[in-house]
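Here's the structure we're looking at; comments come further down.
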Amino acid sequence: MNFAIIITICVLLLLAYAFTISSSKTKIPSVILLLLLGWVVKQITDVFHIVIPDLNSLLPIFGTIGLVLIVLEGSLELELNKKKIPFVRKTLITAVIPLFITAFLIGHFFYYFLDSSYKDGLINAVPLCIISSAIAISSVGHLNSYNKEFAIYESSLSDILGVLFFNFIALNSVIDFDTLGHFGLQIILMLIISFIATAFLAFLLSRIDHHIKFAPIVLLIILIFAISEIYHLPALIFIMLFGLFIGNFDEFERFKAIQYLKPRSLDKEVKKFKELIIEAAFLVRSLFFLLFGFLMKTEDILNPHTLELAVGIVVLIYLVRALQLKFFKVKLMPLLFIAPRGLITILLFLSIPEDSKIPLVNKALIIQVIVLTALMMMIGLIFNKKEEINNDKNESENLTIEDMEVPL
């Protein structure tokens, strides 16, 4: 029995790898195939009457670890310099505006039509309004440098800001100037913790000589994140800042204090560390969506009671997104369609307090919104015109962020 489980997990993860490497050609997001594969495995276990223990408790564990690794992976890929400030500012705005507009519109709908309090309506709406970096980052690898970086920045910032917004609403019974002040202090405290923790982890990364050095670093990152979350601090800020610092270490070498970190040695270790995070993020992300697909019920996917609401929410998401991209003069294709919901939506949905839950905002609705947005992304990528990709053999066709004339 043990070997059967091991063989099954290995085969499923190898299939997940095949989905990942083939997605650039098929334009089918690997998450759709992973969800489908998990669902098929569930049907097989039912047909053959294979008894599987309750795996629901594993979902938030894989989801939390996956969120940390995916945001870290994305931030390690980002460049940080003065030229990028306007670009980062633009992605920040495009992450904030649709998040707040869609959250308040959907929340108002829940309040007006589903007989909930305005606060409960907003709490239930926020998870549906956050772009999933877990899906977006893994689906844009074949796009040109501008669109890829835009999607990484936007989805990562959407995750961070969405979690901040959700926690602020869910954890405060009354919202006034005192709660706003307390929230501001939490952010300042998290920035201080991030600075100290980043310096400490970078020091360890440059000084540990033992052949096992990356595992304790990753464990410490997850530990700091988990402890910060217990105290309701915006822990994703630390993950992103750490990734940005380590991934752009060469930008800080002019500071004298950086010399204590052995810059040349650290650069080599960062490359190895980045490779490890990419591999680990792939494994955890694949396990999460396979598990979520396994736990999906057919009646939830096709639930007629929530399908109409799910379609309405998805239409609103893309309508608001199209308007704000058009307003900021960002080319709609393919970025309009890269707004999937996924891992963070599930995690926040599971975190909604029991007394704030709205009956119609259930697992079926969440699954339908996730599947519909993933399908929309797939359609957008399939019908998107062929992207020009950096090619060393034909430098004249190279595309860089500086080459993309997008008004800021």
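By order in the structure tokens, chains are A, B, ...; within a chain, residues start at 1; ligands start at 1, following the order shown.
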
I'd like the neighbourhood of stretch 334-350 of chain A as a JSON list (two decimals) with N, CA, C and O atoms, in the first residue's frame, where a residue qualifies if any of its atoms comes within 7 Å (using only C-alpha atoms), though same-chain residues fewer than 5 positions away should be ignored.
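Produced file part27.json, reproduced below:
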```json
[["chain", "number", "residue", "atom", "x", "y", "z"],
["A", 60, "PRO", "N", -5.00, 24.01, 3.64],
["A", 60, "PRO", "CA", -4.41, 25.28, 4.11],
["A", 60, "PRO", "C", -2.91, 25.19, 4.38],
["A", 60, "PRO", "O", -2.20, 26.19, 4.24],
["A", 63, "GLY", "N", -1.29, 25.29, 1.02],
["A", 63, "GLY", "CA", -1.58, 26.62, 0.48],
["A", 63, "GLY", "C", -0.70, 27.70, 1.08],
["A", 63, "GLY", "O", -0.17, 28.55, 0.36],
["A", 127, "PRO", "N", -11.84, 37.87, -1.04],
["A", 127, "PRO", "CA", -11.13, 36.73, -1.64],
["A", 127, "PRO", "C", -11.37, 36.55, -3.14],
["A", 127, "PRO", "O", -10.50, 36.03, -3.85],
["A", 128, "LEU", "N", -12.53, 36.99, -3.61],
["A", 128, "LEU", "CA", -12.87, 36.84, -5.02],
["A", 128, "LEU", "C", -12.21, 37.91, -5.90],
["A", 128, "LEU", "O", -12.27, 37.81, -7.12],
["A", 130, "ILE", "N", -8.87, 39.04, -5.65],
["A", 130, "ILE", "CA", -7.41, 39.02, -5.61],
["A", 130, "ILE", "C", -6.85, 38.16, -6.73],
["A", 130, "ILE", "O", -7.25, 37.00, -6.89],
["A", 131, "ILE", "N", -5.95, 38.71, -7.50],
["A", 131, "ILE", "CA", -5.28, 37.94, -8.56],
["A", 131, "ILE", "C", -4.36, 36.92, -7.91],
["A", 131, "ILE", "O", -3.60, 37.24, -7.00],
["A", 132, "SER", "N", -4.41, 35.70, -8.39],
["A", 132, "SER", "CA", -3.58, 34.63, -7.83],
["A", 132, "SER", "C", -2.20, 34.62, -8.46],
["A", 132, "SER", "O", -2.05, 34.30, -9.64],
["A", 134, "ALA", "N", 0.01, 32.54, -7.72],
["A", 134, "ALA", "CA", 0.34, 31.13, -7.90],
["A", 134, "ALA", "C", 0.04, 30.67, -9.32],
["A", 134, "ALA", "O", 0.79, 29.87, -9.90],
["A", 135, "ILE", "N", -1.06, 31.17, -9.89],
["A", 135, "ILE", "CA", -1.43, 30.79, -11.25],
["A", 135, "ILE", "C", -0.81, 31.74, -12.27],
["A", 135, "ILE", "O", -0.27, 31.31, -13.29],
["A", 136, "ALA", "N", -0.86, 33.04, -11.99],
["A", 136, "ALA", "CA", -0.37, 34.04, -12.94],
["A", 136, "ALA", "C", 1.12, 33.87, -13.23],
["A", 136, "ALA", "O", 1.54, 33.83, -14.39],
["A", 147, "ASN", "N", 5.31, 42.13, -20.40],
["A", 147, "ASN", "CA", 4.09, 41.49, -19.91],
["A", 147, "ASN", "C", 4.38, 40.53, -18.76],
["A", 147, "ASN", "O", 3.59, 40.43, -17.81],
["A", 159, "ASP", "N", -1.77, 39.99, -4.17],
["A", 159, "ASP", "CA", -1.78, 39.06, -3.04],
["A", 159, "ASP", "C", -1.54, 39.78, -1.72],
["A", 159, "ASP", "O", -2.27, 39.61, -0.75],
["A", 321, "ARG", "N", -11.33, 45.46, -14.99],
["A", 321, "ARG", "CA", -9.92, 45.34, -15.41],
["A", 321, "ARG", "C", -9.69, 45.99, -16.77],
["A", 321, "ARG", "O", -8.70, 46.69, -16.98],
["A", 322, "ALA", "N", -10.61, 45.77, -17.71],
["A", 322, "ALA", "CA", -10.47, 46.36, -19.04],
["A", 322, "ALA", "C", -10.50, 47.88, -18.97],
["A", 322, "ALA", "O", -9.69, 48.57, -19.63],
["A", 370, "ILE", "N", -12.86, 30.36, -9.78],
["A", 370, "ILE", "CA", -11.48, 29.96, -10.09],
["A", 370, "ILE", "C", -11.39, 29.31, -11.46],
["A", 370, "ILE", "O", -10.52, 29.65, -12.28],
["A", 373, "THR", "N", -12.13, 31.95, -14.35],
["A", 373, "THR", "CA", -11.03, 32.89, -14.60],
["A", 373, "THR", "C", -9.82, 32.18, -15.21],
["A", 373, "THR", "O", -9.11, 32.76, -16.04],
["A", 374, "ALA", "N", -9.60, 30.92, -14.82],
["A", 374, "ALA", "CA", -8.51, 30.15, -15.42],
["A", 374, "ALA", "C", -8.81, 29.87, -16.90],
["A", 374, "ALA", "O", -7.91, 29.94, -17.75],
["A", 376, "MET", "N", -10.69, 31.75, -18.81],
["A", 376, "MET", "CA", -10.55, 33.04, -19.49],
["A", 376, "MET", "C", -9.09, 33.33, -19.81],
["A", 376, "MET", "O", -8.76, 33.81, -20.89],
["A", 377, "MET", "N", -8.21, 33.01, -18.85],
["A", 377, "MET", "CA", -6.78, 33.21, -19.10],
["A", 377, "MET", "C", -6.30, 32.30, -20.21],
["A", 377, "MET", "O", -5.51, 32.72, -21.07],
["A", 380, "GLY", "N", -7.47, 33.73, -23.52],
["A", 380, "GLY", "CA", -6.68, 34.91, -23.85],
["A", 380, "GLY", "C", -5.30, 34.57, -24.35],
["A", 380, "GLY", "O", -4.80, 35.18, -25.32],
["A", 381, "LEU", "N", -4.65, 33.59, -23.73],
["A", 381, "LEU", "CA", -3.31, 33.19, -24.16],
["A", 381, "LEU", "C", -3.32, 32.47, -25.50],
["A", 381, "LEU", "O", -2.41, 32.61, -26.31],
["A", 384, "ASN", "N", -3.98, 35.11, -28.19],
["A", 384, "ASN", "CA", -3.02, 36.21, -28.21],
["A", 384, "ASN", "C", -2.06, 36.03, -29.37],
["A", 384, "ASN", "O", -1.64, 34.92, -29.70]]
```

message: At a cut-off of 8 Å, using only C-alpha atoms, what residues contact A:Leu302? Leave out same-chain residues fewer than 4 positions from it and give the result as a list of chain:residue names.
response: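 Surrounding residues, per the criterion: A:Thr298, A:Leu307, A:Gln368.
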
Can I get the selection written as a PDB file, in the first residue's frame, with C-alpha atoms?
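For reference, result-v7.pdb as written:
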```
ATOM      1  CA  THR A 298     -18.796  17.498  -9.518  1.00  0.00           C
ATOM      2  CA  LEU A 307     -23.267  29.503 -11.445  1.00  0.00           C
ATOM      3  CA  GLN A 368     -16.626  28.174 -10.308  1.00  0.00           C
TER       4      GLN A 368
END
```

message: What's the separation between atom CA of A:Ile222 and atom CA of A:Ala202, in Å to one decimal place?
response: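 Pair atom CA of A:Ile222 / atom CA of A:Ala202 returns 15.1 Å.
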
- request: Mind checking which residues fall within 12 Å of A:Glu79, counting only C-alpha atoms, ignoring those fewer than 2 positions away in the same chain, and posting them as a ChimeraX atom specification?
  value: /A:74-77,81-85,87-88,145-146,149-150,152-153,243-251,401

For the selection you just gave me, I'd like the residues written to a file as a compact mmCIF listing (two decimals), in the first residue's frame, keeping C-alpha atoms.
```
# COMPACT_ATOMS: atom_id res chain seq x y z
CA GLY A 74 8.25 35.93 -8.08
CA SER A 75 10.14 38.59 -6.10
CA LEU A 76 13.48 36.89 -6.82
CA GLU A 77 12.76 37.29 -10.54
CA ASN A 81 16.52 49.97 -9.88
CA LYS A 82 15.64 53.63 -10.40
CA LYS A 83 14.44 53.03 -13.95
CA LYS A 84 11.81 50.60 -12.68
CA ILE A 85 10.18 52.98 -10.18
CA PHE A 87 6.85 50.74 -13.80
CA VAL A 88 6.42 49.47 -10.22
CA SER A 145 9.68 40.68 -20.70
CA TYR A 146 7.24 43.59 -20.22
CA GLU A 149 7.18 41.44 -15.27
CA PHE A 150 3.87 43.30 -15.25
CA ILE A 152 4.54 39.14 -11.66
CA TYR A 153 4.52 42.56 -9.98
CA GLY A 243 13.23 38.31 -2.38
CA LEU A 244 13.78 41.77 -3.89
CA PHE A 245 16.91 42.35 -1.77
CA ILE A 246 18.48 38.97 -2.44
CA GLY A 247 17.52 38.97 -6.12
CA ASN A 248 18.94 42.48 -6.66
CA PHE A 249 21.93 42.26 -4.38
CA ASP A 250 24.25 43.83 -6.98
CA GLU A 251 22.26 47.10 -6.68
CA ILE A 401 10.93 46.96 -20.85
```

message: So that I can see what lies close to stretch 109-124 of chain A, please list as JSON, numbers by chain the residues with an atom at most 7 Å from it, counting only C-alpha atoms and leaving out residues fewer than 5 positions away in the same chain.
response: {"A": [103, 104, 166, 169, 170, 356, 357, 361]}

Write out the residues from the selection above, keeping all heavy atoms, as an mmCIF file, in the first residue's frame.
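Written file, selection28.cif:
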```
data_model
loop_
_atom_site.group_PDB
_atom_site.id
_atom_site.type_symbol
_atom_site.label_atom_id
_atom_site.label_comp_id
_atom_site.auth_asym_id
_atom_site.auth_seq_id
_atom_site.Cartn_x
_atom_site.Cartn_y
_atom_site.Cartn_z
ATOM 1 N N ALA A 103 -14.160 44.721 -4.970
ATOM 2 C CA ALA A 103 -14.516 44.294 -3.613
ATOM 3 C C ALA A 103 -15.733 45.062 -3.098
ATOM 4 O O ALA A 103 -16.669 44.464 -2.549
ATOM 5 C CB ALA A 103 -13.330 44.492 -2.668
ATOM 6 N N PHE A 104 -15.742 46.367 -3.284
ATOM 7 C CA PHE A 104 -16.871 47.167 -2.792
ATOM 8 C C PHE A 104 -18.143 46.927 -3.611
ATOM 9 O O PHE A 104 -19.244 46.905 -3.053
ATOM 10 C CB PHE A 104 -16.503 48.646 -2.775
ATOM 11 C CG PHE A 104 -15.688 49.051 -1.584
ATOM 12 C CD1 PHE A 104 -14.313 49.239 -1.692
ATOM 13 C CD2 PHE A 104 -16.288 49.214 -0.336
ATOM 14 C CE1 PHE A 104 -13.548 49.600 -0.580
ATOM 15 C CE2 PHE A 104 -15.533 49.568 0.773
ATOM 16 C CZ PHE A 104 -14.167 49.755 0.654
ATOM 17 N N PHE A 166 -8.093 42.185 3.614
ATOM 18 C CA PHE A 166 -8.951 41.173 4.231
ATOM 19 C C PHE A 166 -8.754 41.141 5.745
ATOM 20 O O PHE A 166 -9.725 41.144 6.512
ATOM 21 C CB PHE A 166 -8.641 39.800 3.625
ATOM 22 C CG PHE A 166 -9.438 38.673 4.233
ATOM 23 C CD1 PHE A 166 -10.709 38.385 3.767
ATOM 24 C CD2 PHE A 166 -8.913 37.910 5.265
ATOM 25 C CE1 PHE A 166 -11.457 37.346 4.325
ATOM 26 C CE2 PHE A 166 -9.645 36.874 5.831
ATOM 27 C CZ PHE A 166 -10.924 36.597 5.358
ATOM 28 N N ILE A 169 -10.241 44.195 7.591
ATOM 29 C CA ILE A 169 -11.701 44.164 7.737
ATOM 30 C C ILE A 169 -12.138 43.070 8.701
ATOM 31 O O ILE A 169 -12.980 43.278 9.573
ATOM 32 C CB ILE A 169 -12.377 43.954 6.365
ATOM 33 C CG1 ILE A 169 -12.042 45.106 5.427
ATOM 34 C CG2 ILE A 169 -13.894 43.844 6.522
ATOM 35 C CD1 ILE A 169 -12.442 44.862 3.998
ATOM 36 N N ALA A 170 -11.544 41.866 8.551
ATOM 37 C CA ALA A 170 -12.002 40.705 9.321
ATOM 38 C C ALA A 170 -11.633 40.792 10.797
ATOM 39 O O ALA A 170 -12.356 40.280 11.659
ATOM 40 C CB ALA A 170 -11.430 39.427 8.713
ATOM 41 N N SER A 356 -19.370 35.285 10.005
ATOM 42 C CA SER A 356 -19.403 36.249 8.902
ATOM 43 C C SER A 356 -19.687 35.587 7.552
ATOM 44 O O SER A 356 -19.788 36.276 6.535
ATOM 45 C CB SER A 356 -18.065 36.999 8.809
ATOM 46 O OG SER A 356 -17.832 37.777 9.960
ATOM 47 N N LYS A 357 -19.813 34.264 7.546
ATOM 48 C CA LYS A 357 -20.013 33.551 6.288
ATOM 49 C C LYS A 357 -21.418 33.769 5.743
ATOM 50 O O LYS A 357 -22.391 33.798 6.485
ATOM 51 C CB LYS A 357 -19.746 32.063 6.467
ATOM 52 C CG LYS A 357 -18.266 31.735 6.667
ATOM 53 C CD LYS A 357 -18.016 30.238 6.724
ATOM 54 C CE LYS A 357 -16.516 29.956 6.846
ATOM 55 N NZ LYS A 357 -16.238 28.509 6.912
ATOM 56 N N VAL A 361 -22.141 32.259 -0.675
ATOM 57 C CA VAL A 361 -20.703 32.369 -0.964
ATOM 58 C C VAL A 361 -20.039 31.130 -0.369
ATOM 59 O O VAL A 361 -19.458 31.162 0.707
ATOM 60 C CB VAL A 361 -20.109 33.667 -0.372
ATOM 61 C CG1 VAL A 361 -18.650 33.819 -0.788
ATOM 62 C CG2 VAL A 361 -20.910 34.872 -0.825
#
```

message: For the structure I just gave you, how does DSSP split stretch 105-322 of chain A - specifically, which residues are helix (DSSP H, G or I)? Reply as a PyMOL selection string.
response: chain A and resi 105-113+118-129+133-139+145-171+177-207+214-230+235-247+249-252+256-261+263-295+298-301+304-322

query: At what distance in Å, to one decimal, does atom CA of A:Ser23 lie from atom CA of A:Val311?
result: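 Distance reported for this atom pair: 25.3 Å.
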